[in-house]
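work-v3.cif (mmCIF, C-alpha atoms, pLDDT in the B column; chains and numbers go by the auth columns)
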```
data_model
loop_
_atom_site.group_PDB
_atom_site.id
_atom_site.type_symbol
_atom_site.label_atom_id
_atom_site.label_comp_id
_atom_site.label_asym_id
_atom_site.label_seq_id
_atom_site.Cartn_x
_atom_site.Cartn_y
_atom_site.Cartn_z
_atom_site.B_iso_or_equiv
_atom_site.auth_seq_id
_atom_site.auth_asym_id
ATOM 1 C CA MET A 1 103.108 -33.571 -23.277 46.00 1 M
ATOM 2 C CA SER A 2 106.133 -35.270 -24.756 46.00 2 M
ATOM 3 C CA GLN A 3 106.549 -37.877 -27.416 49.00 3 M
ATOM 4 C CA ASP A 4 109.340 -40.414 -27.342 49.00 4 M
ATOM 5 C CA ASN A 5 111.029 -40.856 -30.764 49.00 5 M
ATOM 6 C CA ASN A 6 111.543 -44.589 -30.321 49.00 6 M
ATOM 7 C CA ASP A 7 108.011 -45.250 -29.113 48.00 7 M
ATOM 8 C CA ASP A 8 104.735 -44.344 -30.788 48.00 8 M
ATOM 9 C CA THR A 9 102.932 -43.868 -27.444 45.00 9 M
ATOM 10 C CA ILE A 10 102.068 -40.503 -26.106 45.00 10 M
ATOM 11 C CA ARG A 11 103.058 -39.803 -22.560 45.00 11 M
ATOM 12 C CA THR A 12 101.311 -37.206 -20.477 47.00 12 M
ATOM 13 C CA ASP A 13 103.048 -35.493 -17.703 49.00 13 M
ATOM 14 C CA THR A 14 100.849 -34.658 -14.764 49.00 14 M
ATOM 15 C CA PRO A 15 101.398 -31.364 -13.068 50.00 15 M
ATOM 16 C CA ALA A 16 103.019 -31.592 -9.699 48.00 16 M
ATOM 17 C CA ASN A 17 100.666 -31.357 -6.770 48.00 17 M
ATOM 18 C CA ASP A 18 101.716 -28.404 -4.617 49.00 18 M
ATOM 19 C CA ALA A 19 100.137 -29.792 -1.475 50.00 19 M
ATOM 20 C CA GLY A 20 101.969 -33.023 -1.803 49.00 20 M
ATOM 21 C CA ALA A 21 98.664 -34.986 -1.706 49.00 21 M
ATOM 22 C CA PRO A 22 98.360 -37.984 -3.968 52.00 22 M
ATOM 23 C CA ASP A 23 96.549 -37.345 -7.249 59.00 23 M
ATOM 24 C CA ILE A 24 92.884 -38.320 -7.367 64.00 24 M
ATOM 25 C CA ASN A 25 92.451 -41.001 -9.904 89.00 25 M
ATOM 26 C CA LEU A 26 90.125 -40.267 -12.791 90.00 26 M
ATOM 27 C CA GLU A 27 87.381 -42.713 -11.791 89.00 27 M
ATOM 28 C CA GLU A 28 87.091 -41.191 -8.305 89.00 28 M
ATOM 29 C CA ARG A 29 86.896 -37.699 -9.808 90.00 29 M
ATOM 30 C CA VAL A 30 84.136 -38.775 -12.232 92.00 30 M
ATOM 31 C CA ALA A 31 82.215 -40.376 -9.353 91.00 31 M
ATOM 32 C CA GLN A 32 82.606 -37.188 -7.299 92.00 32 M
ATOM 33 C CA LEU A 33 81.381 -35.008 -10.180 92.00 33 M
ATOM 34 C CA GLU A 34 78.437 -37.335 -10.838 93.00 34 M
ATOM 35 C CA SER A 35 77.520 -37.118 -7.147 94.00 35 M
ATOM 36 C CA GLU A 36 77.682 -33.314 -7.248 94.00 36 M
ATOM 37 C CA LEU A 37 75.583 -33.293 -10.419 94.00 37 M
ATOM 38 C CA ALA A 38 72.966 -35.535 -8.795 94.00 38 M
ATOM 39 C CA GLU A 39 72.841 -33.242 -5.744 95.00 39 M
ATOM 40 C CA SER A 40 72.461 -30.193 -7.992 94.00 40 M
ATOM 41 C CA LYS A 41 69.647 -31.879 -9.926 95.00 41 M
ATOM 42 C CA ASP A 42 67.939 -32.790 -6.649 94.00 42 M
ATOM 43 C CA ARG A 43 68.208 -29.194 -5.370 95.00 43 M
ATOM 44 C CA LEU A 44 66.882 -27.886 -8.686 94.00 44 M
ATOM 45 C CA LEU A 45 63.909 -30.260 -8.627 94.00 45 M
ATOM 46 C CA ARG A 46 63.118 -29.358 -5.020 94.00 46 M
ATOM 47 C CA THR A 47 63.340 -25.640 -5.830 93.00 47 M
ATOM 48 C CA LEU A 48 61.030 -26.097 -8.827 93.00 48 M
ATOM 49 C CA ALA A 49 58.552 -28.088 -6.729 94.00 49 M
ATOM 50 C CA GLU A 50 58.587 -25.457 -3.975 94.00 50 M
ATOM 51 C CA SER A 51 58.033 -22.682 -6.503 93.00 51 M
ATOM 52 C CA GLU A 52 55.087 -24.608 -8.001 93.00 52 M
ATOM 53 C CA ASN A 53 53.622 -25.132 -4.512 94.00 53 M
ATOM 54 C CA GLN A 54 53.951 -21.414 -3.767 94.00 54 M
ATOM 55 C CA ARG A 55 52.247 -20.576 -7.067 93.00 55 M
ATOM 56 C CA ARG A 56 49.352 -22.921 -6.244 93.00 56 M
ATOM 57 C CA ARG A 57 49.027 -21.495 -2.716 93.00 57 M
ATOM 58 C CA ALA A 58 48.974 -17.943 -4.060 91.00 58 M
ATOM 59 C CA GLN A 59 46.349 -18.893 -6.635 92.00 59 M
ATOM 60 C CA LYS A 60 44.166 -20.545 -3.971 89.00 60 M
ATOM 61 C CA GLU A 61 44.528 -17.505 -1.708 88.00 61 M
ATOM 62 C CA ARG A 62 43.451 -15.237 -4.592 88.00 62 M
ATOM 63 C CA GLU A 63 40.449 -17.444 -5.315 85.00 63 M
ATOM 64 C CA ASP A 64 39.490 -17.551 -1.618 81.00 64 M
ATOM 65 C CA ALA A 65 39.867 -13.779 -1.345 82.00 65 M
ATOM 66 C CA GLN A 66 37.493 -13.322 -4.275 80.00 66 M
ATOM 67 C CA ARG A 67 35.051 -15.955 -3.053 79.00 67 M
ATOM 68 C CA TYR A 68 34.889 -14.800 0.560 80.00 68 M
ATOM 69 C CA ALA A 69 35.587 -11.074 0.152 80.00 69 M
ATOM 70 C CA ALA A 70 32.062 -10.124 1.160 81.00 70 M
ATOM 71 C CA SER A 71 31.910 -12.334 4.262 85.00 71 M
ATOM 72 C CA ALA A 72 32.308 -9.427 6.720 86.00 72 M
ATOM 73 C CA PHE A 73 29.603 -7.472 4.916 89.00 73 M
ATOM 74 C CA ALA A 74 27.368 -10.559 4.842 89.00 74 M
ATOM 75 C CA LYS A 75 27.818 -11.052 8.606 90.00 75 M
ATOM 76 C CA ASP A 76 26.615 -7.491 9.162 90.00 76 M
ATOM 77 C CA LEU A 77 23.484 -8.198 7.102 91.00 77 M
ATOM 78 C CA LEU A 78 22.565 -11.296 9.120 92.00 78 M
ATOM 79 C CA ASP A 79 21.073 -9.124 11.862 92.00 79 M
ATOM 80 C CA VAL A 80 18.914 -7.394 9.241 93.00 80 M
ATOM 81 C CA ALA A 81 17.621 -10.764 8.043 93.00 81 M
ATOM 82 C CA ASP A 82 16.963 -11.813 11.658 93.00 82 M
ATOM 83 C CA ASN A 83 15.040 -8.614 12.413 92.00 83 M
ATOM 84 C CA LEU A 84 12.905 -8.946 9.284 93.00 84 M
ATOM 85 C CA GLY A 85 12.115 -12.539 10.248 91.00 85 M
ATOM 86 C CA ARG A 86 11.249 -11.529 13.822 90.00 86 M
ATOM 87 C CA ALA A 87 8.980 -8.750 12.567 90.00 87 M
ATOM 88 C CA LEU A 88 7.077 -11.185 10.367 90.00 88 M
ATOM 89 C CA ALA A 89 6.923 -13.863 13.080 89.00 89 M
ATOM 90 C CA SER A 90 5.455 -11.408 15.603 89.00 90 M
ATOM 91 C CA ILE A 91 2.265 -11.001 13.529 87.00 91 M
ATOM 92 C CA GLU A 92 -0.142 -13.898 13.360 84.00 92 M
ATOM 93 C CA PRO A 93 -1.322 -14.582 9.804 75.00 93 M
ATOM 94 C CA GLY A 94 -4.891 -13.376 9.243 76.00 94 M
ATOM 95 C CA SER A 95 -4.904 -11.220 12.372 81.00 95 M
ATOM 96 C CA VAL A 96 -4.312 -7.960 10.494 78.00 96 M
ATOM 97 C CA GLN A 97 -7.494 -6.165 9.401 82.00 97 M
ATOM 98 C CA ASP A 98 -6.152 -2.723 8.498 83.00 98 M
ATOM 99 C CA GLU A 99 -5.295 -2.542 4.779 84.00 99 M
ATOM 100 C CA ARG A 100 -2.443 -0.077 5.346 86.00 100 M
ATOM 101 C CA PHE A 101 -0.873 -2.371 7.913 86.00 101 M
ATOM 102 C CA LYS A 102 -1.307 -5.349 5.533 86.00 102 M
ATOM 103 C CA GLY A 103 0.572 -3.364 2.885 88.00 103 M
ATOM 104 C CA LEU A 104 3.371 -2.652 5.358 88.00 104 M
ATOM 105 C CA LEU A 105 3.498 -6.314 6.334 89.00 105 M
ATOM 106 C CA ASP A 106 3.613 -7.348 2.655 89.00 106 M
ATOM 107 C CA GLY A 107 6.481 -4.880 2.117 92.00 107 M
ATOM 108 C CA VAL A 108 8.451 -6.336 5.030 92.00 108 M
ATOM 109 C CA ALA A 109 7.863 -9.863 3.675 92.00 109 M
ATOM 110 C CA ALA A 110 8.990 -8.788 0.195 95.00 110 M
ATOM 111 C CA THR A 111 12.107 -7.154 1.658 95.00 111 M
ATOM 112 C CA GLU A 112 12.989 -10.348 3.524 94.00 112 M
ATOM 113 C CA ARG A 113 12.498 -12.457 0.370 94.00 113 M
ATOM 114 C CA ALA A 114 14.688 -10.079 -1.649 95.00 114 M
ATOM 115 C CA LEU A 115 17.438 -10.161 0.999 94.00 115 M
ATOM 116 C CA LEU A 116 17.382 -13.962 1.205 93.00 116 M
ATOM 117 C CA ALA A 117 17.419 -14.202 -2.615 94.00 117 M
ATOM 118 C CA ALA A 118 20.475 -11.900 -2.697 93.00 118 M
ATOM 119 C CA PHE A 119 22.110 -14.132 -0.088 93.00 119 M
ATOM 120 C CA GLU A 120 21.447 -17.200 -2.259 92.00 120 M
ATOM 121 C CA ARG A 121 22.905 -15.532 -5.369 91.00 121 M
ATOM 122 C CA HIS A 122 26.133 -14.901 -3.475 89.00 122 M
ATOM 123 C CA GLY A 123 26.427 -18.383 -1.975 90.00 123 M
ATOM 124 C CA ILE A 124 25.002 -17.572 1.470 93.00 124 M
ATOM 125 C CA LYS A 125 22.727 -20.327 2.746 93.00 125 M
ATOM 126 C CA ARG A 126 20.470 -20.346 5.759 93.00 126 M
ATOM 127 C CA ILE A 127 21.040 -23.031 8.394 94.00 127 M
ATOM 128 C CA ALA A 128 17.617 -23.656 9.874 92.00 128 M
ATOM 129 C CA PRO A 129 17.489 -27.033 11.630 94.00 129 M
ATOM 130 C CA SER A 130 14.149 -28.478 12.652 91.00 130 M
ATOM 131 C CA PRO A 131 13.405 -30.152 15.983 91.00 131 M
ATOM 132 C CA GLY A 132 14.512 -33.754 15.713 89.00 132 M
ATOM 133 C CA ASP A 133 17.352 -33.035 13.282 92.00 133 M
ATOM 134 C CA ARG A 134 20.703 -34.472 14.263 93.00 134 M
ATOM 135 C CA PHE A 135 22.933 -31.983 16.107 93.00 135 M
ATOM 136 C CA ASP A 136 25.947 -31.081 13.935 93.00 136 M
ATOM 137 C CA VAL A 137 28.871 -29.433 15.737 93.00 137 M
ATOM 138 C CA ASN A 138 30.029 -27.949 12.429 93.00 138 M
ATOM 139 C CA LEU A 139 26.773 -26.042 11.875 95.00 139 M
ATOM 140 C CA HIS A 140 25.084 -25.724 15.272 95.00 140 M
ATOM 141 C CA GLN A 141 26.009 -24.282 18.643 94.00 141 M
ATOM 142 C CA ALA A 142 24.371 -25.921 21.650 93.00 142 M
ATOM 143 C CA MET A 143 23.135 -23.319 24.128 94.00 143 M
ATOM 144 C CA PHE A 144 21.424 -25.631 26.625 92.00 144 M
ATOM 145 C CA GLU A 145 19.964 -29.104 27.071 92.00 145 M
ATOM 146 C CA VAL A 146 16.233 -29.749 26.987 90.00 146 M
ATOM 147 C CA GLU A 147 14.830 -32.499 29.201 89.00 147 M
ATOM 148 C CA ASN A 148 11.735 -34.464 28.228 84.00 148 M
ATOM 149 C CA SER A 149 11.679 -32.913 24.765 80.00 149 M
ATOM 150 C CA GLY A 150 10.277 -35.964 23.031 84.00 150 M
ATOM 151 C CA GLN A 151 13.264 -35.863 20.663 87.00 151 M
ATOM 152 C CA PRO A 152 16.080 -38.417 20.469 87.00 152 M
ATOM 153 C CA ALA A 153 19.046 -37.656 22.736 88.00 153 M
ATOM 154 C CA GLY A 154 21.618 -35.453 21.046 88.00 154 M
ATOM 155 C CA SER A 155 19.215 -34.068 18.468 91.00 155 M
ATOM 156 C CA VAL A 156 17.977 -30.508 18.042 93.00 156 M
ATOM 157 C CA ALA A 157 15.048 -29.848 20.398 92.00 157 M
ATOM 158 C CA GLN A 158 14.666 -26.100 19.969 91.00 158 M
ATOM 159 C CA VAL A 159 16.021 -23.462 17.558 92.00 159 M
ATOM 160 C CA LEU A 160 16.853 -20.068 19.052 92.00 160 M
ATOM 161 C CA GLN A 161 18.497 -18.455 16.041 93.00 161 M
ATOM 162 C CA THR A 162 19.136 -19.606 12.485 93.00 162 M
ATOM 163 C CA GLY A 163 22.680 -19.791 11.233 95.00 163 M
ATOM 164 C CA TYR A 164 24.282 -18.998 7.901 95.00 164 M
ATOM 165 C CA GLN A 165 27.173 -20.268 5.844 94.00 165 M
ATOM 166 C CA MET A 166 28.892 -18.725 2.825 92.00 166 M
ATOM 167 C CA HIS A 167 29.833 -21.382 0.291 89.00 167 M
ATOM 168 C CA ASP A 168 31.559 -23.889 2.608 88.00 168 M
ATOM 169 C CA ARG A 169 32.486 -21.488 5.439 90.00 169 M
ATOM 170 C CA LEU A 170 30.361 -20.917 8.486 93.00 170 M
ATOM 171 C CA LEU A 171 29.344 -17.279 8.986 93.00 171 M
ATOM 172 C CA ARG A 172 27.291 -17.958 12.099 94.00 172 M
ATOM 173 C CA PRO A 173 26.197 -21.245 13.688 96.00 173 M
ATOM 174 C CA ALA A 174 22.553 -21.927 14.394 95.00 174 M
ATOM 175 C CA LEU A 175 21.890 -21.522 18.115 95.00 175 M
ATOM 176 C CA VAL A 176 19.963 -24.545 19.379 95.00 176 M
ATOM 177 C CA GLY A 177 18.803 -26.401 22.450 93.00 177 M
ATOM 178 C CA VAL A 178 19.775 -30.073 22.393 94.00 178 M
ATOM 179 C CA ALA A 179 17.588 -32.927 23.626 92.00 179 M
ATOM 180 C CA LYS A 180 18.976 -34.469 26.769 86.00 180 M
ATOM 181 C CA GLY A 181 19.053 -38.218 27.017 73.00 181 M
ATOM 182 C CA GLU A 182 17.078 -39.858 29.763 58.00 182 M
ATOM 183 C CA ALA A 183 19.181 -41.058 32.671 48.00 183 M
ATOM 184 C CA GLN A 184 19.703 -44.779 32.364 47.00 184 M
ATOM 185 C CA PRO A 185 19.277 -46.748 35.587 44.00 185 M
ATOM 186 C CA ARG A 186 22.494 -48.401 36.601 48.00 186 M
ATOM 187 C CA ASN A 187 22.393 -52.161 36.652 52.00 187 M
ATOM 188 C CA MET A 188 22.331 -53.140 40.280 45.00 188 M
ATOM 189 C CA PRO A 189 23.490 -56.663 41.069 50.00 189 M
ATOM 190 C CA HIS A 190 20.888 -58.836 42.707 49.00 190 M
ATOM 191 C CA LEU A 191 21.399 -59.359 46.417 46.00 191 M
ATOM 192 C CA ASP A 192 21.227 -63.122 46.009 47.00 192 M
ATOM 193 C CA THR A 193 24.466 -63.103 43.976 46.00 193 M
ATOM 194 C CA PHE A 194 26.371 -62.128 47.116 46.00 194 M
ATOM 195 C CA ALA A 195 24.995 -64.999 49.212 43.00 195 M
#
```
Show the structure stored in the file as structure tokens.
Amino acid sequence: MSQDNNDDTIRTDTPANDAGAPDINLEERVAQLESELAESKDRLLRTLAESENQRRRAQKEREDAQRYAASAFAKDLLDVADNLGRALASIEPGSVQDERFKGLLDGVAATERALLAAFERHGIKRIAPSPGDRFDVNLHQAMFEVENSGQPAGSVAQVLQTGYQMHDRLLRPALVGVAKGEAQPRNMPHLDTFA
């Protein structure tokens, strides 16, 4: 910097540009720096948002792992529940006369109730549709169609096996037969329309 004795103004000498390119004026440089700053802010905000999304995903995965940790074990117990139900269904109520056999039957019924109560405590619900219920592809698996079932077309006509779901996840669909709709006669044009 140099100061002229006759003039009170301060003169700045700019360093020589080695590349011989014209000097960038100050306004262009400020605009360029502001643009870089805006890009840096944008990258920072995107990085922060991505890190927050990853944190939320990890938290949800932890919660799901805790909530559904026992699903494999629960699936293994479904056969036990089915077998207890089949054992009870195979005996007609009132047909047992032997007191020892009644005690055994009562024990099997108590075991089934205890197992189903344990299922309920852990968020496992039975899916047991009744004939006439609407078929739900999210809860039921159609095994066959039943003709002349007396049920509306597309509804459950027969239940082969109950299903189960844990909280909002399906462990096993209910296996059902679906009522088949009656064949509708096609509208035949009258012969006199062609005359």
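Comparing the minimum interatomic distances between Glu92 (chain M) and each of M:Val176, M:Leu160, M:Leu26, M:Leu105, counting only C-alpha atoms, we find that M:Leu105 sits nearest.
The two atoms in question, CA of Leu170 (chain M) and CA of Phe135 (chain M), are spaced 15.4 Å apart.
Comparing the minimum interatomic distances between Gly154 (chain M) and each of M:Gly132, M:Phe73, M:Leu175, M:Asp168, counting only C-alpha atoms, we find that M:Gly132 sits nearest.
Look at everything within 10 Å of (24.7, -15.1, -1.1) using only C-alpha atoms, and the residues you get are Ala70, Ser71, Ala74, Leu115, Leu116, Ala117, Ala118, Phe119, Glu120, Arg121, His122, Gly123, Ile124, Lys125, Arg126, Tyr164, Gln165, Met166 and His167 of chain M.
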Got a sec: who's within 8 Å of region 178-182 of chain M, counting only C-alpha atoms, leaving out chain neighbours fewer than 5 positions off, as an MDAnalysis selection string? chainID M and resid 135 142:158
Determine, counting all atoms listed in the file, which protein, DNA and RNA residues have an atom within 9 Å of an atom of Arg172 (chain M); residues of the same chain fewer than 3 positions away are not included. Present the result as a PyMOL selection string. chain M and resi 75+78+127+139-140+162-165+175
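The space between CA of Ala87 (chain M) and CA of Ala72 (chain M) spans 24.1 Å.
Among the candidates M:Val108, M:Ala174, M:Lys102, M:Ala49, the one nearest to Asp136 (chain M) when counting only C-alpha atoms is M:Ala174.
The space separating CA of Leu88 (chain M) from CA of Ala109 (chain M) comes to 6.9 Å.
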